[in-house]
file upload-v4.pdb (PDB, C-alpha atoms and all ligand atoms)
ATOM      1  CA  MET Y  25     135.427 117.911 116.803
ATOM      2  CA  LYS Y  26     132.398 115.607 116.590
ATOM      3  CA  LEU Y  27     132.420 112.519 118.753
ATOM      4  CA  ALA Y  28     130.461 109.333 118.349
ATOM      5  CA  LYS Y  29     130.055 106.031 120.190
ATOM      6  CA  ILE Y  30     130.454 102.651 118.547
ATOM      7  CA  GLN Y  31     129.346  99.248 119.752
ATOM      8  CA  PHE Y  32     132.366  98.695 122.006
ATOM      9  CA  GLY Y  33     131.602 101.764 124.069
ATOM     10  CA  ILE Y  34     134.779 103.417 122.882
ATOM     11  CA  VAL Y  35     134.441 107.073 122.062
ATOM     12  CA  ILE Y  36     135.669 107.690 118.560
ATOM     13  CA  LYS Y  37     136.250 110.826 116.621
ATOM     14  CA  ARG Y  38     135.003 111.182 113.118
ATOM     15  CA  LEU Y  39     137.945 111.133 110.773
ATOM     16  CA  ASN Y  40     138.100 111.708 107.046
ATOM     17  CA  MET Y  41     137.187 108.206 106.031
ATOM     18  CA  PRO Y  42     134.133 106.272 104.900
ATOM     19  CA  GLN Y  43     131.704 106.254 107.832
ATOM     20  CA  ASN Y  44     129.786 103.154 106.790
ATOM     21  CA  ASN Y  45     132.428 100.661 107.901
ATOM     22  CA  PRO Y  46     132.744 100.449 111.712
ATOM     23  CA  GLU Y  47     135.755  98.113 111.435
ATOM     24  CA  ASN Y  48     137.620 100.654 109.313
ATOM     25  CA  THR Y  49     136.663 103.484 111.636
ATOM     26  CA  GLU Y  50     137.849 101.541 114.689
ATOM     27  CA  LYS Y  51     141.143 100.753 112.947
ATOM     28  CA  HIS Y  52     141.871 104.377 112.094
ATOM     29  CA  TRP Y  53     140.803 105.515 115.539
ATOM     30  CA  LYS Y  54     143.238 103.129 117.230
ATOM     31  CA  THR Y  55     146.012 104.273 114.914
ATOM     32  CA  ALA Y  56     145.385 107.859 116.081
ATOM     33  CA  VAL Y  57     145.299 106.785 119.744
ATOM     34  CA  PHE Y  58     148.779 105.265 119.512
ATOM     35  CA  ASP Y  59     150.234 108.187 117.561
ATOM     36  CA  LEU Y  60     152.391 110.213 119.960
ATOM     37  CA  ALA Y  61     151.519 113.345 117.991
ATOM     38  CA  ASP Y  62     147.802 112.971 118.759
ATOM     39  CA  ASN Y  63     147.503 113.515 122.482
ATOM     40  CA  ALA Y  64     143.804 114.427 122.298
ATOM     41  CA  ALA Y  65     142.866 111.035 120.824
ATOM     42  CA  TYR Y  66     145.065 109.262 123.374
ATOM     43  CA  GLN Y  67     143.491 111.071 126.331
ATOM     44  CA  ILE Y  68     139.937 110.237 125.227
ATOM     45  CA  TRP Y  69     140.801 106.563 124.754
ATOM     46  CA  ARG Y  70     142.825 106.383 127.996
ATOM     47  CA  THR Y  71     139.973 107.798 130.085
ATOM     48  CA  GLU Y  72     137.486 105.321 128.641
ATOM     49  CA  LYS Y  73     139.890 102.409 128.960
ATOM     50  CA  LEU Y  74     140.692 103.006 132.623
ATOM     51  CA  ALA Y  75     137.038 103.678 133.469
ATOM     52  CA  ASN Y  76     136.242 100.092 132.431
ATOM     53  CA  TYR Y  77     138.667  98.557 134.871
ATOM     54  CA  PRO Y  78     136.937  98.310 138.260
ATOM     55  CA  ALA Y  79     134.889  95.329 137.063
ATOM     56  CA  GLN Y  80     138.013  93.393 136.132
ATOM     57  CA  ARG Y  81     139.547  93.998 139.542
ATOM     58  CA  ASN Y  82     136.868  91.660 140.906
ATOM     59  CA  GLU Y  83     138.179  88.987 138.524
ATOM     60  CA  SER Y  84     134.740  88.271 137.159
ATOM     61  CA  ILE Y  85     134.799  84.722 135.844
ATOM     62  CA  VAL Y  86     132.472  83.778 133.010
ATOM     63  CA  THR Y  87     130.678  80.540 133.855
ATOM     64  CA  LEU Y  88     130.071  78.250 130.893
ATOM     65  CA  ALA Y  89     127.202  75.811 131.379
ATOM     66  CA  ASP Y  90     128.394  73.554 128.546
ATOM     67  CA  MET Y  91     131.466  74.493 126.548
ATOM     68  CA  ALA Y  92     130.401  72.180 123.721
ATOM     69  CA  ASN Y  93     127.184  74.196 123.317
ATOM     70  CA  PRO Y  94     128.011  77.768 124.265
ATOM     71  CA  GLN Y  95     125.167  80.189 124.843
ATOM     72  CA  ASP Y  96     125.110  83.563 123.103
ATOM     73  CA  ARG Y  97     125.342  85.476 126.372
ATOM     74  CA  GLU Y  98     128.431  83.496 127.441
ATOM     75  CA  ILE Y  99     130.172  84.271 124.145
ATOM     76  CA  GLU Y 100     129.110  87.920 124.373
ATOM     77  CA  GLN Y 101     130.526  88.194 127.887
ATOM     78  CA  ILE Y 102     133.904  86.763 126.867
ATOM     79  CA  VAL Y 103     134.104  88.977 123.773
ATOM     80  CA  SER Y 104     133.104  92.009 125.825
ATOM     81  CA  ASN Y 105     135.749  91.305 128.502
ATOM     82  CA  CYS Y 106     138.365  90.889 125.774
ATOM     83  CA  GLN Y 107     137.335  94.179 124.173
ATOM     84  CA  LYS Y 108     137.632  96.001 127.490
ATOM     85  CA  PHE Y 109     140.555  94.207 129.160
ATOM     86  CA  ASN Y 110     142.050  92.090 126.366
ATOM     87  CA  MET Y 111     141.365  88.984 128.482
ATOM     88  CA  ALA Y 112     138.604  86.875 129.979
ATOM     89  CA  ILE Y 113     138.724  84.048 132.519
ATOM     90  CA  TYR Y 114     136.101  81.308 132.275
ATOM     91  CA  GLN Y 115     134.979  78.283 134.262
ATOM     92  CA  SER Y 116     133.796  75.244 132.326
ATOM     93  CA  GLN Y 117     132.125  72.126 133.684
ATOM     94  CA  GLY Y 118     133.497  68.596 133.497
ATOM     95  CA  PRO Y 119     136.340  67.267 131.352
ATOM     96  CA  ILE Y 120     136.986  69.140 128.108
ATOM     97  CA  LEU Y 121     138.486  67.569 125.014
ATOM     98  CA  PRO Y 122     140.916  69.630 122.883
ATOM     99  CA  ASP Y 123     138.367  69.490 120.042
ATOM    100  CA  THR Y 124     135.715  71.107 122.211
ATOM    101  CA  LEU Y 125     138.087  73.904 123.165
ATOM    102  CA  GLU Y 126     138.937  74.486 119.532
ATOM    103  CA  LYS Y 127     135.272  74.643 118.495
ATOM    104  CA  PHE Y 128     134.504  76.993 121.358
ATOM    105  CA  CYS Y 129     137.300  79.312 120.185
ATOM    106  CA  LEU Y 130     135.796  79.352 116.697
ATOM    107  CA  ALA Y 131     132.722  81.013 118.203
ATOM    108  CA  LEU Y 132     135.057  83.790 119.425
ATOM    109  CA  GLY Y 133     136.398  84.468 115.928
ATOM    110  CA  LEU Y 134     139.569  82.431 116.547
ATOM    111  CA  LYS Y 135     140.162  80.216 113.553
ATOM    112  CA  THR Y 136     143.794  80.323 112.357
ATOM    113  CA  MET Y 137     146.033  78.411 114.729
ATOM    114  CA  GLU Y 138     149.793  78.739 114.709
ATOM    115  CA  THR Y 139     151.822  75.812 113.557
ATOM    116  CA  HIS Y 140     154.053  74.849 116.457
ATOM    117  CA  ARG Y 141     156.618  72.102 116.691
ATOM    118  CA  SER Y 142     154.875  70.739 119.818
ATOM    119  CA  ALA Y 143     151.305  71.070 118.599
ATOM    120  CA  ALA Y 144     149.274  67.949 118.092
ATOM    121  CA  LYS Y 145     147.380  67.625 114.820
ATOM    122  CA  SER Y 146     144.651  69.820 116.224
ATOM    123  CA  GLY Y 147     147.023  72.731 116.989
ATOM    124  CA  VAL Y 148     146.605  72.240 120.722
ATOM    125  CA  VAL Y 149     149.848  72.171 122.751
ATOM    126  CA  ALA Y 150     149.873  70.276 126.050
ATOM    127  CA  ILE Y 151     151.786  72.337 128.609
ATOM    128  CA  GLU Y 152     153.123  69.847 131.128
ATOM    129  CA  GLN Y 153     156.419  68.750 132.623
ATOM    130  CA  THR Y 154     158.256  66.588 130.149
ATOM    131  CA  THR Y 155     161.752  65.884 128.926
ATOM    132  CA  ILE Y 156     160.597  64.084 125.803
ATOM    133  CA  GLY Y 157     160.804  65.195 122.163
ATOM    134  CA  GLY Y 158     160.839  68.797 120.999
ATOM    135  CA  LYS Y 159     159.547  70.052 124.363
ATOM    136  CA  GLY Y 160     162.492  68.737 126.386
ATOM    137  CA  GLY Y 161     164.700  71.423 127.874
ATOM    138  CA  TYR Y 162     162.305  74.314 127.224
ATOM    139  CA  ILE Y 163     161.189  76.191 130.368
ATOM    140  CA  PRO Y 164     157.401  76.042 129.676
ATOM    141  CA  TYR Y 165     157.649  72.246 129.928
ATOM    142  CA  THR Y 166     159.360  72.264 133.320
ATOM    143  CA  ASN Y 167     158.014  73.284 136.727
ATOM    144  CA  LYS Y 168     160.233  76.378 136.802
ATOM    145  CA  PRO Y 169     158.879  79.924 136.880
ATOM    146  CA  LEU Y 170     158.255  81.585 133.528
ATOM    147  CA  SER Y 171     159.104  85.273 133.352
ATOM    148  CA  TRP Y 172     156.890  87.969 131.824
ATOM    149  CA  HIS Y 173     156.395  87.728 128.082
ATOM    150  CA  THR Y 174     153.888  87.876 125.283
ATOM    151  CA  ASP Y 175     153.579  84.730 123.190
ATOM    152  CA  GLY Y 176     155.466  84.495 119.916
ATOM    153  CA  TYR Y 177     157.729  87.458 120.699
ATOM    154  CA  TYR Y 178     160.325  85.818 118.452
ATOM    155  CA  ASN Y 179     157.918  85.362 115.518
ATOM    156  CA  ALA Y 180     158.202  87.177 112.206
ATOM    157  CA  PRO Y 181     155.599  89.974 111.726
ATOM    158  CA  GLU Y 182     153.557  87.791 109.368
ATOM    159  CA  ASP Y 183     153.264  85.168 112.130
ATOM    160  CA  ARG Y 184     152.116  87.494 114.900
ATOM    161  CA  ILE Y 185     150.230  85.771 117.701
ATOM    162  CA  ARG Y 186     147.187  87.953 118.306
ATOM    163  CA  ALA Y 187     145.294  85.722 120.737
ATOM    164  CA  MET Y 188     145.839  82.663 122.869
ATOM    165  CA  VAL Y 189     143.947  80.349 125.140
ATOM    166  CA  LEU Y 190     145.206  78.502 128.201
ATOM    167  CA  HIS Y 191     142.831  75.852 129.513
ATOM    168  CA  CYS Y 192     143.638  74.099 132.773
ATOM    169  CA  VAL Y 193     142.930  70.377 132.776
ATOM    170  CA  ARG Y 194     144.709  69.764 136.110
ATOM    171  CA  ASP Y 195     146.286  72.337 138.389
ATOM    172  CA  ALA Y 196     149.483  71.802 140.370
ATOM    173  CA  SER Y 197     149.290  70.873 144.027
ATOM    174  CA  GLU Y 198     151.312  73.989 144.835
ATOM    175  CA  GLY Y 199     152.130  77.079 142.747
ATOM    176  CA  GLY Y 200     151.598  77.485 139.021
ATOM    177  CA  VAL Y 201     149.966  80.890 139.500
ATOM    178  CA  ASN Y 202     149.696  83.158 136.480
ATOM    179  CA  GLU Y 203     150.033  86.914 136.480
ATOM    180  CA  LEU Y 204     148.440  88.703 133.531
ATOM    181  CA  LEU Y 205     148.585  92.317 132.423
ATOM    182  CA  ASP Y 206     146.804  93.981 129.541
ATOM    183  CA  PRO Y 207     149.526  95.431 127.233
ATOM    184  CA  GLU Y 208     147.379  98.547 126.750
ATOM    185  CA  ILE Y 209     147.740  99.223 130.486
ATOM    186  CA  ALA Y 210     151.529  98.828 130.219
ATOM    187  CA  TYR Y 211     151.425 101.257 127.268
ATOM    188  CA  ILE Y 212     149.390 103.797 129.288
ATOM    189  CA  ARG Y 213     151.747 103.622 132.268
ATOM    190  CA  LEU Y 214     154.812 104.111 130.064
ATOM    191  CA  ARG Y 215     153.312 106.945 127.993
ATOM    192  CA  ASP Y 216     152.050 108.730 131.104
ATOM    193  CA  GLU Y 217     155.492 108.465 132.703
ATOM    194  CA  ASN Y 218     157.384 109.643 129.630
ATOM    195  CA  PRO Y 219     156.191 109.578 125.990
ATOM    196  CA  LYS Y 220     159.828 109.119 124.948
ATOM    197  CA  TYR Y 221     159.649 105.639 126.497
ATOM    198  CA  ILE Y 222     156.968 104.756 123.963
ATOM    199  CA  ALA Y 223     158.997 106.244 121.097
ATOM    200  CA  ALA Y 224     161.992 104.114 122.166
ATOM    201  CA  LEU Y 225     159.929 100.940 122.466
ATOM    202  CA  MET Y 226     158.280 101.568 119.082
ATOM    203  CA  CYS Y 227     161.693 101.747 117.417
ATOM    204  CA  PRO Y 228     161.864  99.031 114.720
ATOM    205  CA  LYS Y 229     165.152  97.799 116.202
ATOM    206  CA  ALA Y 230     164.217  97.994 119.897
ATOM    207  CA  MET Y 231     164.565  94.272 120.644
ATOM    208  CA  THR Y 232     166.423  91.493 118.836
ATOM    209  CA  ILE Y 233     166.041  87.795 119.578
ATOM    210  CA  PRO Y 234     169.017  85.984 118.050
ATOM    211  CA  ALA Y 235     168.384  83.158 115.593
ATOM    212  CA  ASN Y 236     167.349  79.774 116.972
ATOM    213  CA  GLU Y 237     169.733  77.178 115.655
ATOM    214  CA  ASP Y 238     168.622  74.444 118.061
ATOM    215  CA  PRO Y 239     168.448  71.239 115.979
ATOM    216  CA  ARG Y 240     165.284  70.189 117.876
ATOM    217  CA  SER Y 241     163.389  73.125 116.337
ATOM    218  CA  ASP Y 242     162.952  74.540 112.884
ATOM    219  CA  TYR Y 243     165.609  77.144 112.141
ATOM    220  CA  ARG Y 244     164.443  80.656 112.954
ATOM    221  CA  PRO Y 245     166.436  83.724 111.838
ATOM    222  CA  ASP Y 246     167.091  86.766 114.058
ATOM    223  CA  SER Y 247     163.855  88.403 115.121
ATOM    224  CA  VAL Y 248     164.304  92.179 115.088
ATOM    225  CA  GLY Y 249     161.426  94.491 115.925
ATOM    226  CA  PRO Y 250     159.713  96.949 118.235
ATOM    227  CA  VAL Y 251     158.111  96.192 121.594
ATOM    228  CA  PHE Y 252     154.976  98.169 120.742
ATOM    229  CA  GLU Y 253     153.580  98.538 117.266
ATOM    230  CA  VAL Y 254     150.266  99.271 115.659
ATOM    231  CA  ASP Y 255     149.292  96.073 113.893
ATOM    232  CA  ASP Y 256     148.830  97.016 110.248
ATOM    233  CA  GLN Y 257     146.103  94.396 109.810
ATOM    234  CA  THR Y 258     143.931  95.321 112.782
ATOM    235  CA  GLY Y 259     144.963  98.847 113.787
ATOM    236  CA  GLN Y 260     145.301  97.484 117.343
ATOM    237  CA  LEU Y 261     148.310  97.735 119.629
ATOM    238  CA  HIS Y 262     150.563  94.681 119.450
ATOM    239  CA  MET Y 263     153.186  94.016 122.107
ATOM    240  CA  ARG Y 264     156.281  91.915 121.627
ATOM    241  CA  TYR Y 265     158.153  91.444 124.876
ATOM    242  CA  THR Y 266     160.202  89.123 127.010
ATOM    243  CA  ALA Y 267     161.724  89.830 130.394
ATOM    244  CA  ARG Y 268     164.269  87.087 129.686
ATOM    245  CA  GLY Y 269     167.695  88.348 130.681
ATOM    246  CA  ARG Y 270     169.777  86.055 128.491
ATOM    247  CA  ASN Y 271     170.097  85.962 124.770
ATOM    248  CA  ILE Y 272     168.153  89.166 124.071
ATOM    249  CA  ILE Y 273     169.778  92.166 122.449
ATOM    250  CA  TRP Y 274     168.220  95.492 123.347
ATOM    251  CA  ARG Y 275     168.897  98.668 121.378
ATOM    252  CA  ASP Y 276     171.885 100.349 122.962
ATOM    253  CA  ASP Y 277     170.286 103.616 123.967
ATOM    254  CA  ALA Y 278     169.765 105.386 127.328
ATOM    255  CA  VAL Y 279     166.035 106.018 126.805
ATOM    256  CA  THR Y 280     165.470 102.355 125.859
ATOM    257  CA  ASP Y 281     167.265 101.328 129.067
ATOM    258  CA  ALA Y 282     165.099 103.662 131.134
ATOM    259  CA  ALA Y 283     161.908 102.476 129.393
ATOM    260  CA  ARG Y 284     162.811  98.838 130.079
ATOM    261  CA  ALA Y 285     163.520  99.626 133.729
ATOM    262  CA  PHE Y 286     160.155 101.372 134.056
ATOM    263  CA  LEU Y 287     158.372  98.457 132.393
ATOM    264  CA  THR Y 288     160.036  96.089 134.872
ATOM    265  CA  HIS Y 289     158.740  98.316 137.673
ATOM    266  CA  ILE Y 290     155.198  98.191 136.216
ATOM    267  CA  LEU Y 291     155.342  94.397 135.984
ATOM    268  CA  LYS Y 292     156.162  94.175 139.676
ATOM    269  CA  ASN Y 293     153.807  96.777 141.035
ATOM    270  CA  ASP Y 294     150.875  97.622 138.813
ATOM    271  CA  PRO Y 295     147.533  97.418 140.643
ATOM    272  CA  LEU Y 296     145.841  96.109 137.483
ATOM    273  CA  ILE Y 297     147.945  92.948 137.301
ATOM    274  CA  VAL Y 298     145.604  89.952 137.544
ATOM    275  CA  ARG Y 299     146.999  87.137 139.730
ATOM    276  CA  HIS Y 300     145.129  83.900 139.245
ATOM    277  CA  LYS Y 301     145.792  80.221 139.691
ATOM    278  CA  LEU Y 302     143.746  78.464 137.027
ATOM    279  CA  GLN Y 303     141.779  75.638 138.611
ATOM    280  CA  SER Y 304     140.753  72.514 136.784
ATOM    281  CA  GLY Y 305     138.187  73.497 134.120
ATOM    282  CA  GLN Y 306     139.166  77.155 134.143
ATOM    283  CA  GLY Y 307     140.886  78.961 131.341
ATOM    284  CA  VAL Y 308     141.999  82.341 130.115
ATOM    285  CA  ILE Y 309     141.244  83.634 126.633
ATOM    286  CA  CYS Y 310     143.154  86.746 125.699
ATOM    287  CA  ASN Y 311     144.493  89.017 122.997
ATOM    288  CA  ASN Y 312     148.028  87.821 123.800
ATOM    289  CA  VAL Y 313     148.425  89.759 127.032
ATOM    290  CA  LEU Y 314     151.608  89.939 129.082
ATOM    291  CA  HIS Y 315     151.817  86.911 131.354
ATOM    292  CA  ASN Y 316     154.114  84.879 133.553
ATOM    293  CA  ARG Y 317     153.875  81.776 135.761
ATOM    294  CA  THR Y 318     155.249  80.952 139.168
ATOM    295  CA  GLY Y 319     157.131  77.693 139.673
ATOM    296  CA  PHE Y 320     155.065  74.777 140.891
ATOM    297  CA  ILE Y 321     155.137  71.422 142.619
ATOM    298  CA  ASP Y 322     153.175  68.544 141.165
ATOM    299  CA  ALA Y 323     151.357  65.849 143.063
ATOM    300  CA  SER Y 324     153.582  62.786 142.966
ATOM    301  CA  ASP Y 325     151.053  60.447 141.351
ATOM    302  CA  VAL Y 326     151.692  59.799 137.712
ATOM    303  CA  GLY Y 327     148.719  60.955 135.636
ATOM    304  CA  ASP Y 328     147.833  63.602 138.192
ATOM    305  CA  THR Y 329     150.298  66.285 137.183
ATOM    306  CA  ARG Y 330     149.668  69.856 136.058
ATOM    307  CA  LEU Y 331     148.321  69.954 132.514
ATOM    308  CA  LEU Y 332     147.175  72.926 130.477
ATOM    309  CA  TYR Y 333     146.078  73.071 126.856
ATOM    310  CA  ARG Y 334     147.343  76.040 124.917
ATOM    311  CA  ILE Y 335     146.238  77.285 121.505
ATOM    312  CA  ARG Y 336     147.673  80.337 119.804
ATOM    313  CA  TYR Y 337     145.849  82.208 117.070
ATOM    314  CA  LYS Y 338     146.586  84.699 114.348
ATOM    315  CA  GLU Y 339     143.288  86.541 114.935
ATOM    316  CA  ARG Y 340     142.143  88.582 117.900
ATOM    317  CA  VAL Y 341     139.034  87.645 119.850
ATOM    318  CA  SER Y 342     136.062  89.187 118.058
ATOM    319  CA  PRO Y 343     132.349  88.770 117.603
ATOM    320  CA  ILE Y 344     131.472  86.565 114.635
TER     321      ILE Y 344
HETATM  322 FE    FE C 401     153.271  82.210 127.173
END
call {"tool": "encode", "arguments": {"input": "upload-v4.pdb", "output": "structure tokens", "more": "lines below"}}
Ligand SMILES: [Fe+2]
result
Amino acid sequence: MKLAKIQFGIVIKRLNMPQNNPENTEKHWKTAVFDLADNAAYQIWRTEKLANYPAQRNESIVTLADMANPQDREIEQIVSNCQKFNMAIYQSQGPILPDTLEKFCLALGLKTMETHRSAAKSGVVAIEQTTIGGKGGYIPYTNKPLSWHTDGYYNAPEDRIRAMVLHCVRDASEGGVNELLDPEIAYIRLRDENPKYIAALMCPKAMTIPANEDPRSDYRPDSVGPVFEVDDQTGQLHMRYTARGRNIIWRDDAVTDAARAFLTHILKNDPLIVRHKLQSGQGVICNNVLHNRTGFIDASDVGDTRLLYRIRYKERVSPI
């Protein structure tokens, strides 16, 4: 079988498809990688993927001289980190307005923001402790720990969250540490342990989130779907997951139980989990990776409490 390299450094095999469209080729290649019947494609991709990882272990942070006027090499570095690890951490200088963050994201191919009940007009959600309005009572807006999840795990397929940005305006005086794990690494660990785990988690009825009938939110029907799926729009792996113990209905099946238990083990122990407390001016841009947050304690002064801006997007990070 002939092999070729494309711009992302991923080895691809030539399939029966038009060769003049790299995007199409990449899409079909990824579909083969995540097909349990194609172990050869998976092994090639897995080797390349894991070989990229030592750099990320050093938590290389991309320094942005001026977020309002990003330089090509800064954008390239973030895109490249997202292509290899599905995430990039950056350090910006000085105070950043939500508008600046939004414009910066545009340069990363992120243009379609989700509509969220707590989003300001700009689509930016302020993550901070509050009991007011639609945010009140929801864990992200308290100082409690947040368990592992991908964003929008309860969304309908047409509203998939493919990327998100968390920008730290002010960090907490204690705690508020994020852990992040590339879903492709979780996939590799599960498939290497037992391919049946992947089959179970790709089942269209693997995980159900019951309808949200909370009057503070828009009504949302039951969300039924797999944990892992190949996104039909991008050909990339999409992960839909929450470690929440309550109000989640898992498919009643022994292999699904075992797969969930192994995933829990990965999320406690994997050496490629990134643990990082975002400092003021720092942020993470990612293709909706698995993440959590430790609980935190705020400084007592009003106006000096932990504040992050979050934007969720329907596109993945990509070169424009
Ligand atoms: Fe989240």
call {"tool": "atom_distance", "arguments": {"input": "upload-v4.pdb", "atom1": "CA of Thr266 (chain Y)", "atom2": "CA of His173 (chain Y)"}}
result
4.2 Å
call {"tool": "residues_near_point", "arguments": {"input": "upload-v4.pdb", "point": "(142.5, 77.3, 128.2)", "cutoff": "7 Å", "atoms": "all atoms listed in the file", "output": "list of chain:residue names"}}
result
Y:Val189, Y:Leu190, Y:His191, Y:Cys192, Y:Gln306, Y:Gly307, Y:Val308, Y:Ile309, Y:Leu332, Y:Tyr333, Y:Arg334
call {"tool": "residues_near_ligand", "arguments": {"input": "upload-v4.pdb", "ligand": "ligand FE 401 (chain C)", "cutoff": "7 Å", "atoms": "all atoms listed in the file", "output": "MDAnalysis selection string"}}
result
chainID Y and resid 173:175 315:316
call {"tool": "write_last_selection", "arguments": {"input": "upload-v4.pdb", "atoms": "C-alpha atoms", "output": "PDB file, keeping the file's coordinate frame"}}
result
ATOM      1  CA  HIS Y 173     156.395  87.728 128.082  1.00  0.00           C
ATOM      2  CA  THR Y 174     153.888  87.876 125.283  1.00  0.00           C
ATOM      3  CA  ASP Y 175     153.579  84.730 123.190  1.00  0.00           C
ATOM      4  CA  HIS Y 315     151.817  86.911 131.354  1.00  0.00           C
ATOM      5  CA  ASN Y 316     154.114  84.879 133.553  1.00  0.00           C
TER       6      ASN Y 316
END
call {"tool": "resolve_selection", "arguments": {"input": "upload-v4.pdb", "expression": "the PyMOL selection byres (((chain Y and resi 340) around 8) and not hetatm)", "output": "ChimeraX atom specification"}}
result
/Y:133-134,186-187,311,337-339,341-342
call {"tool": "closest_residue", "arguments": {"input": "upload-v4.pdb", "among": "Y:Gly259, Y:Val86, Y:Asp62, Y:Asp216", "to": "Glu50 (chain Y)", "atoms": "all atoms listed in the file"}}
result
Y:Gly259
call {"tool": "resolve_selection", "arguments": {"input": "upload-v4.pdb", "expression": "the PyMOL selection byres (((chain Y and resi 227) around 9) and not hetatm)", "output": "number ranges by chain"}}
result
Y: 222-226, 228-231, 249-253, 275
call {"tool": "write_last_selection", "arguments": {"input": "upload-v4.pdb", "atoms": "C-alpha atoms", "output": "tab-separated table (two decimals), keeping the file's coordinate frame"}}
result
chain	number	residue	atom	x	y	z
Y	222	ILE	CA	156.97	104.76	123.96
Y	223	ALA	CA	159.00	106.24	121.10
Y	224	ALA	CA	161.99	104.11	122.17
Y	225	LEU	CA	159.93	100.94	122.47
Y	226	MET	CA	158.28	101.57	119.08
Y	228	PRO	CA	161.86	99.03	114.72
Y	229	LYS	CA	165.15	97.80	116.20
Y	230	ALA	CA	164.22	97.99	119.90
Y	231	MET	CA	164.56	94.27	120.64
Y	249	GLY	CA	161.43	94.49	115.92
Y	250	PRO	CA	159.71	96.95	118.24
Y	251	VAL	CA	158.11	96.19	121.59
Y	252	PHE	CA	154.98	98.17	120.74
Y	253	GLU	CA	153.58	98.54	117.27
Y	275	ARG	CA	168.90	98.67	121.38
call {"tool": "closest_residue", "arguments": {"input": "upload-v4.pdb", "among": "Y:Leu261, Y:Ile212, Y:Ile344, Y:Ile335", "to": "Leu74 (chain Y)", "atoms": "all atoms listed in the file"}}
result
Y:Ile212
call {"tool": "atom_distance", "arguments": {"input": "upload-v4.pdb", "atom1": "CA of Asp322 (chain Y)", "atom2": "CA of Glu152 (chain Y)"}}
result
10.1 Å
call {"tool": "resolve_selection", "arguments": {"input": "upload-v4.pdb", "expression": "the PyMOL selection byres (((chain Y and resi 169) around 7) and not hetatm)", "output": "ChimeraX atom specification"}}
result
/Y:167-168,170-171,317-319
call {"tool": "closest_residue", "arguments": {"input": "upload-v4.pdb", "among": "Y:Gly176, Y:Pro181, Y:Pro234, Y:Pro119", "to": "Asn271 (chain Y)", "atoms": "only C-alpha atoms"}}
result
Y:Pro234
call {"tool": "atom_distance", "arguments": {"input": "upload-v4.pdb", "atom1": "CA of Met188 (chain Y)", "atom2": "CA of Glu126 (chain Y)"}}
result
11.2 Å
call {"tool": "closest_residue", "arguments": {"input": "upload-v4.pdb", "among": "Y:Tyr162, Y:Phe109, Y:Phe58, Y:Tyr77", "to": "Ser241 (chain Y)", "atoms": "only C-alpha atoms"}}
result
Y:Tyr162
call {"tool": "residues_near_point", "arguments": {"input": "upload-v4.pdb", "point": "(130.9, 72.4, 119.3)", "cutoff": "8 Å", "atoms": "all atoms listed in the file", "output": "list in words"}}
result
Met91, Ala92, Asn93, Pro94, Thr124, Lys127 and Phe128 of chain Y
call {"tool": "write_last_selection", "arguments": {"input": "upload-v4.pdb", "atoms": "C-alpha atoms", "output": "mmCIF file, in the coordinates of the input"}}
result
data_model
loop_
_atom_site.group_PDB
_atom_site.id
_atom_site.type_symbol
_atom_site.label_atom_id
_atom_site.label_comp_id
_atom_site.auth_asym_id
_atom_site.auth_seq_id
_atom_site.Cartn_x
_atom_site.Cartn_y
_atom_site.Cartn_z
ATOM 1 C CA MET Y 91 131.466 74.493 126.548
ATOM 2 C CA ALA Y 92 130.401 72.180 123.721
ATOM 3 C CA ASN Y 93 127.184 74.196 123.317
ATOM 4 C CA PRO Y 94 128.011 77.768 124.265
ATOM 5 C CA THR Y 124 135.715 71.107 122.211
ATOM 6 C CA LYS Y 127 135.272 74.643 118.495
ATOM 7 C CA PHE Y 128 134.504 76.993 121.358
#
call {"tool": "closest_residue", "arguments": {"input": "upload-v4.pdb", "among": "Y:Asp238, Y:Arg215, Y:Ala278, Y:Pro207", "to": "Gln67 (chain Y)", "atoms": "only C-alpha atoms"}}
result
Y:Arg215
call {"tool": "closest_residue", "arguments": {"input": "upload-v4.pdb", "among": "Y:Ala180, Y:Leu287, Y:Ala61, Y:Val193", "to": "Gly118 (chain Y)", "atoms": "all atoms listed in the file"}}
result
Y:Val193
call {"tool": "residues_around", "arguments": {"input": "upload-v4.pdb", "residues": "Arg299 (chain Y)", "least_positions_apart": "4", "cutoff": "12 Å", "atoms": "all atoms listed in the file", "output": "PyMOL selection string"}}
result
chain Y and resi 80-83+113+199-205+291-295+308+314-318
call {"tool": "decode", "arguments": {"input": "upload-v4.pdb", "residues": "region 146-151 of chain Y", "atoms": "N, CA and C atoms", "output": "CSV table (one decimal), in the first residue's frame"}}
result
chain,number,residue,atom,x,y,z
Y,146,SER,N,-22.2,38.8,22.7
Y,146,SER,CA,-21.0,38.4,21.9
Y,146,SER,C,-20.8,36.9,21.9
Y,147,GLY,N,-21.6,36.1,22.7
Y,147,GLY,CA,-21.4,34.7,22.7
Y,147,GLY,C,-20.4,34.3,23.7
Y,148,VAL,N,-19.8,35.2,24.5
Y,148,VAL,CA,-18.9,34.9,25.5
Y,148,VAL,C,-19.6,34.7,26.8
Y,149,VAL,N,-19.3,33.6,27.5
Y,149,VAL,CA,-19.9,33.3,28.8
Y,149,VAL,C,-18.9,33.6,29.9
Y,150,ALA,N,-19.3,34.4,30.9
Y,150,ALA,CA,-18.4,34.6,32.0
Y,150,ALA,C,-18.6,33.5,33.0
Y,151,ILE,N,-17.5,32.7,33.3
Y,151,ILE,CA,-17.5,31.7,34.3
Y,151,ILE,C,-17.0,32.2,35.6
